[in-house]
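Raw protein24.cif, mmCIF, C-alpha atoms; chains and numbers go by the auth columns:
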data_entry
#
loop_
_atom_site.group_PDB
_atom_site.id
_atom_site.type_symbol
_atom_site.label_atom_id
_atom_site.label_comp_id
_atom_site.label_asym_id
_atom_site.label_seq_id
_atom_site.Cartn_x
_atom_site.Cartn_y
_atom_site.Cartn_z
_atom_site.B_iso_or_equiv
_atom_site.auth_seq_id
_atom_site.auth_asym_id
ATOM 1 C CA MET A 1 7.227 -1.147 9.696 0.00 441 F
ATOM 2 C CA GLU A 2 4.836 1.056 11.677 0.00 442 F
ATOM 3 C CA GLN A 3 7.358 3.901 11.367 0.00 443 F
ATOM 4 C CA SER A 4 7.722 3.697 7.580 0.00 444 F
ATOM 5 C CA LYS A 5 6.827 6.578 5.259 0.00 445 F
ATOM 6 C CA LEU A 6 4.241 4.314 3.657 0.00 446 F
ATOM 7 C CA ILE A 7 2.357 3.708 6.900 0.00 447 F
ATOM 8 C CA GLU A 8 2.723 7.350 7.949 0.00 448 F
ATOM 9 C CA LEU A 9 1.058 8.454 4.704 0.00 449 F
ATOM 10 C CA ILE A 10 -1.679 5.818 4.823 0.00 450 F
ATOM 11 C CA ARG A 11 -2.519 6.853 8.396 0.00 451 F
ATOM 12 C CA THR A 12 -3.479 10.315 7.125 0.00 452 F
ATOM 13 C CA PHE A 13 -6.335 8.964 4.979 0.00 453 F
ATOM 14 C CA SER A 14 -9.928 8.743 6.116 0.00 454 F
ATOM 15 C CA ARG A 15 -11.791 5.431 5.890 0.00 455 F
ATOM 16 C CA GLU A 16 -13.483 6.616 2.693 0.00 456 F
ATOM 17 C CA GLU A 17 -10.130 7.633 1.187 0.00 457 F
ATOM 18 C CA LEU A 18 -8.627 4.258 2.109 0.00 458 F
ATOM 19 C CA GLN A 19 -11.399 2.530 0.187 0.00 459 F
ATOM 20 C CA GLU A 20 -10.982 4.904 -2.743 0.00 460 F
ATOM 21 C CA LEU A 21 -7.222 4.278 -2.651 0.00 461 F
ATOM 22 C CA GLN A 22 -7.906 0.550 -2.745 0.00 462 F
ATOM 23 C CA ASP A 23 -9.908 0.997 -5.945 0.00 463 F
ATOM 24 C CA PHE A 24 -7.144 3.205 -7.355 0.00 464 F
ATOM 25 C CA ILE A 25 -4.461 0.599 -6.625 0.00 465 F
ATOM 26 C CA HIS A 26 -6.510 -2.268 -8.037 0.00 466 F
ATOM 27 C CA THR A 27 -7.103 -0.407 -11.309 0.00 467 F
ATOM 28 C CA PRO A 28 -4.731 -1.638 -14.030 0.00 468 F
ATOM 29 C CA PHE A 29 -4.690 1.839 -15.573 0.00 469 F
ATOM 30 C CA PHE A 30 -2.819 3.201 -12.545 0.00 470 F
ATOM 31 C CA ASN A 31 -0.991 0.098 -11.345 0.00 471 F
ATOM 32 C CA LYS A 32 0.908 -2.389 -13.473 0.00 472 F
ATOM 33 C CA LYS A 33 2.714 -4.154 -10.605 0.00 473 F
ATOM 34 C CA PRO A 34 1.030 -7.455 -9.665 0.00 474 F
ATOM 35 C CA PHE A 35 1.923 -7.698 -5.957 0.00 475 F
ATOM 36 C CA VAL A 36 1.227 -4.092 -4.935 0.00 476 F
ATOM 37 C CA PRO A 37 -2.550 -4.617 -4.525 0.00 477 F
ATOM 38 C CA GLU A 38 -1.895 -7.642 -2.316 0.00 478 F
ATOM 39 C CA LEU A 39 0.430 -5.624 -0.095 0.00 479 F
ATOM 40 C CA TYR A 40 -2.086 -2.783 0.151 0.00 480 F
ATOM 41 C CA ASP A 41 -4.916 -5.178 1.018 0.00 481 F
ATOM 42 C CA LEU A 42 -2.863 -6.658 3.846 0.00 482 F
ATOM 43 C CA ILE A 43 -2.087 -3.193 5.191 0.00 483 F
ATOM 44 C CA TYR A 44 -5.698 -2.057 4.717 0.00 484 F
ATOM 45 C CA ASP A 45 -6.917 -5.018 6.780 0.00 485 F
ATOM 46 C CA GLN A 46 -4.866 -3.703 9.714 0.00 486 F
ATOM 47 C CA SER A 47 -6.175 -0.122 9.521 0.00 487 F
ATOM 48 C CA PRO A 48 -6.535 2.155 11.409 0.00 488 F
ATOM 49 C CA LYS A 49 -4.041 0.935 14.025 0.00 489 F
ATOM 50 C CA PHE A 50 -1.590 -0.912 11.774 0.00 490 F
ATOM 51 C CA HIS A 51 -0.289 -3.133 14.559 0.00 491 F
ATOM 52 C CA ARG A 52 1.553 -6.342 13.838 0.00 492 F
ATOM 53 C CA LEU A 53 2.821 -5.245 10.443 0.00 493 F
ATOM 54 C CA GLU A 54 6.120 -6.990 9.967 0.00 494 F
ATOM 55 C CA LYS A 55 7.749 -7.041 6.552 0.00 495 F
ATOM 56 C CA LYS A 56 8.642 -10.723 6.862 0.00 496 F
ATOM 57 C CA GLU A 57 5.087 -11.672 7.808 0.00 497 F
ATOM 58 C CA LEU A 58 3.637 -9.722 4.903 0.00 498 F
ATOM 59 C CA TRP A 59 6.193 -11.385 2.618 0.00 499 F
ATOM 60 C CA LYS A 60 5.026 -14.838 3.736 0.00 500 F
ATOM 61 C CA VAL A 61 1.464 -14.029 2.724 0.00 501 F
ATOM 62 C CA ILE A 62 2.363 -12.471 -0.630 0.00 502 F
ATOM 63 C CA PHE A 63 5.225 -14.759 -1.669 0.00 503 F
ATOM 64 C CA SER A 64 4.453 -17.850 0.374 0.00 504 F
ATOM 65 C CA GLN A 65 7.059 -20.192 -1.116 0.00 505 F
ATOM 66 C CA LYS A 66 9.920 -17.744 -1.662 0.00 506 F
ATOM 67 C CA THR A 67 12.713 -16.910 0.754 0.00 507 F
ATOM 68 C CA TYR A 68 12.456 -13.430 2.247 0.00 508 F
ATOM 69 C CA ASN A 69 14.232 -10.768 0.184 0.00 509 F
ATOM 70 C CA ASP A 70 14.421 -7.426 1.969 0.00 510 F
ATOM 71 C CA THR A 71 15.418 -5.505 -1.147 0.00 511 F
ATOM 72 C CA ARG A 72 12.413 -6.780 -3.080 0.00 512 F
ATOM 73 C CA MET A 73 10.115 -6.074 -0.138 0.00 513 F
ATOM 74 C CA ARG A 74 11.418 -2.508 0.165 0.00 514 F
ATOM 75 C CA ARG A 75 10.874 -2.007 -3.583 0.00 515 F
ATOM 76 C CA LEU A 76 7.332 -3.306 -3.260 0.00 516 F
ATOM 77 C CA MET A 77 6.693 -0.886 -0.410 0.00 517 F
ATOM 78 C CA ALA A 78 8.244 1.952 -2.459 0.00 518 F
ATOM 79 C CA ASP A 79 5.963 1.086 -5.387 0.00 519 F
ATOM 80 C CA LEU A 80 2.958 1.235 -3.089 0.00 520 F
ATOM 81 C CA LEU A 81 4.154 4.535 -1.602 0.00 521 F
ATOM 82 C CA SER A 82 4.472 5.968 -5.120 0.00 522 F
ATOM 83 C CA LEU A 83 0.921 4.892 -5.920 0.00 523 F
ATOM 84 C CA CYS A 84 -0.331 6.486 -2.712 0.00 524 F
ATOM 85 C CA LYS A 85 1.348 9.746 -3.713 0.00 525 F
ATOM 86 C CA GLU A 86 -0.188 9.479 -7.192 0.00 526 F
ATOM 87 C CA TYR A 87 -3.567 8.989 -5.538 0.00 527 F
ATOM 88 C CA VAL A 88 -3.091 12.178 -3.506 0.00 528 F
ATOM 89 C CA ALA A 89 -2.172 14.086 -6.685 0.00 529 F
ATOM 90 C CA TRP A 90 -5.129 12.588 -8.570 0.00 530 F
ATOM 91 C CA LYS A 91 -7.473 13.464 -5.696 0.00 531 F
ATOM 92 C CA LYS A 92 -6.197 17.048 -5.626 0.00 532 F
ATOM 93 C CA PHE A 93 -6.538 17.336 -9.404 0.00 533 F
ATOM 94 C CA ASP A 94 -10.062 15.907 -9.240 0.00 534 F
ATOM 95 C CA GLN A 95 -11.103 18.417 -6.571 0.00 535 F
ATOM 96 C CA ASP A 96 -9.770 21.462 -8.442 0.00 536 F
ATOM 97 C CA SER A 97 -12.223 23.013 -10.836 0.00 537 F
#

So, in terms of structure tokens, how does the structure I just supplied come out?
Amino acid sequence: MEQSKLIELIRTFSREELQELQDFIHTPFFNKKPFVPELYDLIYDQSPKFHRLEKKELWKVIFSQKTYNDTRMRRLMADLLSLCKEYVAWKKFDQDS
């Protein structure tokens, strides 16, 4: 998972931006998906090195009783990636006068 587009994008953020992104993701106005904040929090806890990020391990924490479903996990990661891109756009819009 360390080579995913999601992790590559998150690696570009400063510590302050990661915290701001966390607030962005946890805001119901921007995010309507219930498990995305949990996934981000797990990834955030591993920053800045992002070692030991395995999709199956993250799944166990988020969906403890359910059998691993790679398609659902990839969708969850794609949802988080989309939110990260929205954050970048929002940040750029906010900085422009």

Check what the PyMOL selection byres ((chain F and resi 490) around 12) selects in the file above and give those residues as a PyMOL selection string. chain F and resi 441-444+446-448+450-451+480+482-489+491-494

Residues near stretch 469-477 of chain F, cut-off 7 Å, all atoms listed in the file, skip fewer than 5 positions along chain, as a PDB file with C-alpha atoms, keeping the file's coordinate frame:
ATOM      1  CA  PHE F 464      -7.144   3.205  -7.355  1.00  0.00           C
ATOM      2  CA  LEU F 516       7.332  -3.306  -3.260  1.00  0.00           C
ATOM      3  CA  LEU F 520       2.958   1.235  -3.089  1.00  0.00           C
TER       4      LEU F 520
END

Residue nearest F:Arg514 among F:Lys495, F:Lys532, F:His466, F:Lys500 (counting all atoms listed in the file): F:Lys495

From the options F:Leu523, F:Met517, F:Leu498, F:Leu449, which residue's atoms come nearest to F:Pro468, counting all atoms listed in the file?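 Nearest to F:Pro468: F:Leu523.
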
Between atom CA of F:Phe533 and atom CA of F:Glu457 - distance in Å to one decimal: 14.8 Å

When distances are computed from only C-alpha atoms, which of F:Lys525, F:Lys531, F:Lys496, F:Arg455 shows the smallest separation from F:Asp510?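 Checking each candidate against F:Asp510, we get F:Lys496 as the closest.
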